[in-house]
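Report on the following structure.
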Amino acid sequence: LEEAVALDPNFTRAWVDLVQYLTHANYFFEHDPELTTRAEEIIERLRVMAPGSAEYLEAQSFYVYYVLKDYDRASELISAAHALRPSDTDILAIKTWIQRRQGDYEGRIETIRQIQELTPGDLAATGRLVIDLMMLHRYEEAAADIEQAGSDSYELASWDSLLQLREHGDLARWSAEFIALADKSPEDVRRDDMMMALLAARDFAAAEALYADMPEPDMSGEIIDTAMVEKKLPLMLIYWFLDDEDRLKEAAAELQRLFDRLYSGGGVGELGYTAQSSLVAAVLGDREKATRLVEPYTRASRKDRTARALFLHESCRTLGIAGAAEEAADCIRRSLEEPSFVMPFLDPFLPHYDPVREHPAFAELLAELD
């Protein structure tokens, strides 16, 4: 992008894309303040080059969104840009990001449907729509949109398979169907999705093997390789399922040291610190600490509605692992009343809740969902 604007200093689109890159780079963690300064210089340049243009408004929206984290102001700016370019699907896509941060999933669904009208047959838009409908627990509507798409793409087929679990209620069957889909499209499969299917079937050995061929992250330098979390966190959980105490303790200690380094700077990523640290406490049997860490996380993340919606299901599962039956049951109830990935036909039956399954409070929840 720097080369593009150097070759053509009047290429406003490249300037806008550069602002997006520079501001996003510091969104989760403050790595390099100079990137923000550079973005501010470019926005001023755009103000002079193209005042009142959609490009100038879009660049400002990136800065307000990523740097200031003022999502309401970002919404105003991108809406103004959309008024100038009502058929620009890229601007509409940015609008959906902002709406998600605002917790406006109803508005986001409406915007995605606008994108679908402008780009008929856009399976990516349908995929985003289905995900949001699932988070809003509008399962019938999600199923209808999948059927209307008429596609056998891996993403839509995997969601359809999960929705069918509502009818048959057989986790082993769903797991086998998901694995069969994954075998047909291995390049599209996310490792953690495959892990969930294996855990649902309680095939913990296969889940461990899933991560055996994952390269070891490089932790020798100053830069923290977050791939360490992507490998070690699920392995720690698998060791807990396997009741492998030695490897569990080793992985937990290693991860906690990493979290302490990774989140030392605060920022948006700080919300992940208590969530992931609570899981470490849970697998180590420290119910009090796990519960204490999860509760402030769910309360604090109301400030970041995206984080709350995306990770509520993980918080509930952590409570189940910790053996906190009443808290886990209440977490599931709350999650079904707001945007979340907690699904009444899946989550309560996962092995994460085995430690609390026979507790009266959890049994009462299961009876309510039956």
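Ligands are numbered from 1 in the order shown, chains are lettered A, B, ... in the order of the structure tokens, and residues start at 1 in each chain.
The protein and nucleic acid residues lying at most 12 Å from Phe204 (chain A) are Met194, Met195, Met196, Ala197, Leu198, Leu199, Ala200, Glu208, Ala209, Leu210, Tyr211, Pro234, Leu235, Met236, Leu237, Ile238, Tyr239, Trp240, Phe241, Leu242, Asp243, Asp244 and Pro351 of chain A, with only C-alpha atoms considered and sequence neighbours fewer than 4 positions away removed.
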Could you list, with a cut-off of 10 Å and counting only C-alpha atoms, the residues of region 9-42 of chain A near region 53-56 of chain A, each shown with its nearest atom pair and the distance in Å rounded to one decimal, rows sorted by chain and ascending number, as a Markdown table?
| residue | atom | partner | partner_atom | distance |
| --- | --- | --- | --- | --- |
| A:Thr12 | CA | A:Glu55 | CA | 6.8 |
| A:Arg13 | CA | A:Glu55 | CA | 6.8 |
| A:Ala14 | CA | A:Glu55 | CA | 9.8 |
| A:Trp15 | CA | A:Glu55 | CA | 8.7 |
| A:Val16 | CA | A:Glu55 | CA | 6.4 |
| A:Asp17 | CA | A:Glu55 | CA | 9.6 |
| A:Ile42 | CA | A:Tyr56 | CA | 9.7 |
Quick one: write out the picked residues with N, CA, C and O atoms as a PDB file, in the first residue's frame?
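part-v8.pdb was written with the following content:
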ATOM      1  N   THR A  12      -6.769   7.792  -3.895  1.00  0.00           N
ATOM      2  CA  THR A  12      -7.433   7.915  -2.587  1.00  0.00           C
ATOM      3  C   THR A  12      -7.819   6.563  -1.999  1.00  0.00           C
ATOM      4  O   THR A  12      -7.769   6.377  -0.784  1.00  0.00           O
ATOM      5  N   ARG A  13      -8.209   5.602  -2.859  1.00  0.00           N
ATOM      6  CA  ARG A  13      -8.612   4.292  -2.339  1.00  0.00           C
ATOM      7  C   ARG A  13      -7.461   3.625  -1.607  1.00  0.00           C
ATOM      8  O   ARG A  13      -7.665   3.018  -0.541  1.00  0.00           O
ATOM      9  N   ALA A  14      -6.262   3.739  -2.147  1.00  0.00           N
ATOM     10  CA  ALA A  14      -5.099   3.132  -1.495  1.00  0.00           C
ATOM     11  C   ALA A  14      -4.801   3.817  -0.164  1.00  0.00           C
ATOM     12  O   ALA A  14      -4.416   3.161   0.813  1.00  0.00           O
ATOM     13  N   TRP A  15      -4.998   5.131  -0.100  1.00  0.00           N
ATOM     14  CA  TRP A  15      -4.787   5.847   1.156  1.00  0.00           C
ATOM     15  C   TRP A  15      -5.755   5.347   2.230  1.00  0.00           C
ATOM     16  O   TRP A  15      -5.378   5.157   3.396  1.00  0.00           O
ATOM     17  N   VAL A  16      -7.005   5.144   1.834  1.00  0.00           N
ATOM     18  CA  VAL A  16      -8.016   4.655   2.788  1.00  0.00           C
ATOM     19  C   VAL A  16      -7.653   3.260   3.291  1.00  0.00           C
ATOM     20  O   VAL A  16      -7.725   2.970   4.490  1.00  0.00           O
ATOM     21  N   ASP A  17      -7.246   2.386   2.366  1.00  0.00           N
ATOM     22  CA  ASP A  17      -6.855   1.025   2.756  1.00  0.00           C
ATOM     23  C   ASP A  17      -5.655   1.041   3.690  1.00  0.00           C
ATOM     24  O   ASP A  17      -5.551   0.218   4.615  1.00  0.00           O
ATOM     25  N   ILE A  42      -2.336  10.645   7.297  1.00  0.00           N
ATOM     26  CA  ILE A  42      -3.014  10.295   6.051  1.00  0.00           C
ATOM     27  C   ILE A  42      -4.444  10.847   6.041  1.00  0.00           C
ATOM     28  O   ILE A  42      -4.929  11.347   5.017  1.00  0.00           O
TER      29      ILE A  42
END
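Minimum distance to Asp132 (chain A) across A:Ser161, A:Ser61, A:Thr119, A:Thr96 (counting only C-alpha atoms) occurs at A:Thr96.
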Using only C-alpha atoms, I'd like a table of the residues in region 154-173 of chain A that come within 10 Å of region 123-128 of chain A; for each, show the closest atom pair and its distance in Å rounded to one decimal, ordered by chain and ascending number, as a tab-separated table.
residue	atom	partner	partner_atom	distance
A:Glu155	CA	A:Gly127	CA	7.0
A:Leu156	CA	A:Gly127	CA	6.6
A:Trp159	CA	A:Gly127	CA	9.0
**Q.** region 85-89 of chain A environment, 12 Å, only C-alpha atoms, sequence neighbours closer than 5 positions dropped, as a PyMOL selection string
**A.** chain A and resi 53-55+57-58+78-80+94-96+111-120+122+125
Q: With a distance cut-off of 8 Å and only C-alpha atoms, select the neighbouring residues of region 306-313 of chain A, excluding the residue or stretch itself and same-chain residues fewer than 5 positions from it, and output the selection as a list in words.
A: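 Using only C-alpha atoms, the neighbours found are Arg100, Arg101, Gln102, Gly103, Met135, Leu271, Thr298, Ser301, Cys331, Ile332, Ser335, Glu338, Pro339, Ser340, Phe341, Val342 and Asp347 of chain A.
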Q | Shortest interatomic distance to Asp192 (chain A) - which of A:Ala253, A:Ala367, A:Ile321, A:Ala207, counting only C-alpha atoms | A | A:Ala207
Q: Taking the DSSP assignment computed from this structure's backbone, write out as a PyMOL selection string all residues of region 8-93 of chain A that belong to alpha helix (DSSP H).
A: chain A and resi 12-24+33-49+54-63+71-84+89-93
Report the closest atom pair, with its distance in Å rounded to one decimal, for each residue of region 310-342 of chain A that has an atom no farther than 6 Å from region 354-366 of chain A; count only C-alpha atoms, sort by chain and then rising residue number, and write it as CSV.
residue,atom,partner,partner_atom,distance
A:Gly323,CA,A:Pro355,CA,5.4
A:Ala325,CA,A:Val356,CA,5.1
A:Glu326,CA,A:Ala361,CA,5.4
A:Ala329,CA,A:Phe362,CA,5.5
Q: Could you tell me which of A:Val67, A:Met343, A:Met49, A:Ala172 comes closest to Pro33 (chain A) if we count only C-alpha atoms?
A: A:Val67
Compile the contact shell of Gln60 (chain A) as a compact mmCIF listing (two decimals) with all heavy atoms, in the first residue's frame: residues with an atom at most 8 Å away, counting only C-alpha atoms, same-chain residues fewer than 4 positions apart removed.
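See selection08.txt below for the written result:
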# COMPACT_ATOMS: atom_id res chain seq x y z
N ILE A 43 -5.11 10.76 7.18
CA ILE A 43 -6.48 11.29 7.26
C ILE A 43 -6.48 12.80 6.98
O ILE A 43 -7.36 13.31 6.28
CB ILE A 43 -7.10 10.97 8.64
CG1 ILE A 43 -7.33 9.47 8.77
CG2 ILE A 43 -8.41 11.73 8.83
CD1 ILE A 43 -7.75 9.02 10.15
N TYR A 56 -12.88 9.96 2.50
CA TYR A 56 -12.47 10.69 3.71
C TYR A 56 -13.30 10.23 4.92
O TYR A 56 -12.76 9.99 6.01
CB TYR A 56 -12.62 12.19 3.48
CG TYR A 56 -12.30 13.05 4.68
CD1 TYR A 56 -11.13 12.87 5.40
CD2 TYR A 56 -13.20 14.04 5.09
CE1 TYR A 56 -10.84 13.68 6.51
CE2 TYR A 56 -12.93 14.84 6.19
CZ TYR A 56 -11.75 14.65 6.90
OH TYR A 56 -11.46 15.43 8.00
N VAL A 64 -11.77 6.19 14.11
CA VAL A 64 -12.67 6.27 15.27
C VAL A 64 -13.00 4.88 15.80
O VAL A 64 -13.10 4.66 17.01
CB VAL A 64 -13.96 7.03 14.87
CG1 VAL A 64 -14.98 6.97 15.98
CG2 VAL A 64 -13.62 8.48 14.55
N ALA A 74 -18.35 6.13 14.91
CA ALA A 74 -17.96 5.40 13.68
C ALA A 74 -19.19 5.09 12.85
O ALA A 74 -19.16 5.16 11.61
CB ALA A 74 -17.21 4.12 14.06
N LEU A 77 -20.25 8.18 10.91
CA LEU A 77 -19.36 8.45 9.78
C LEU A 77 -19.61 7.50 8.61
O LEU A 77 -19.68 7.92 7.45
CB LEU A 77 -17.90 8.35 10.23
CG LEU A 77 -17.41 9.47 11.14
CD1 LEU A 77 -16.11 9.08 11.84
CD2 LEU A 77 -17.19 10.75 10.32
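Taking only C-alpha atoms into account, Tyr63 (chain A) lies nearest to A:Leu22 out of the set A:Ala142, A:Leu293, A:Leu22, A:Ala281.
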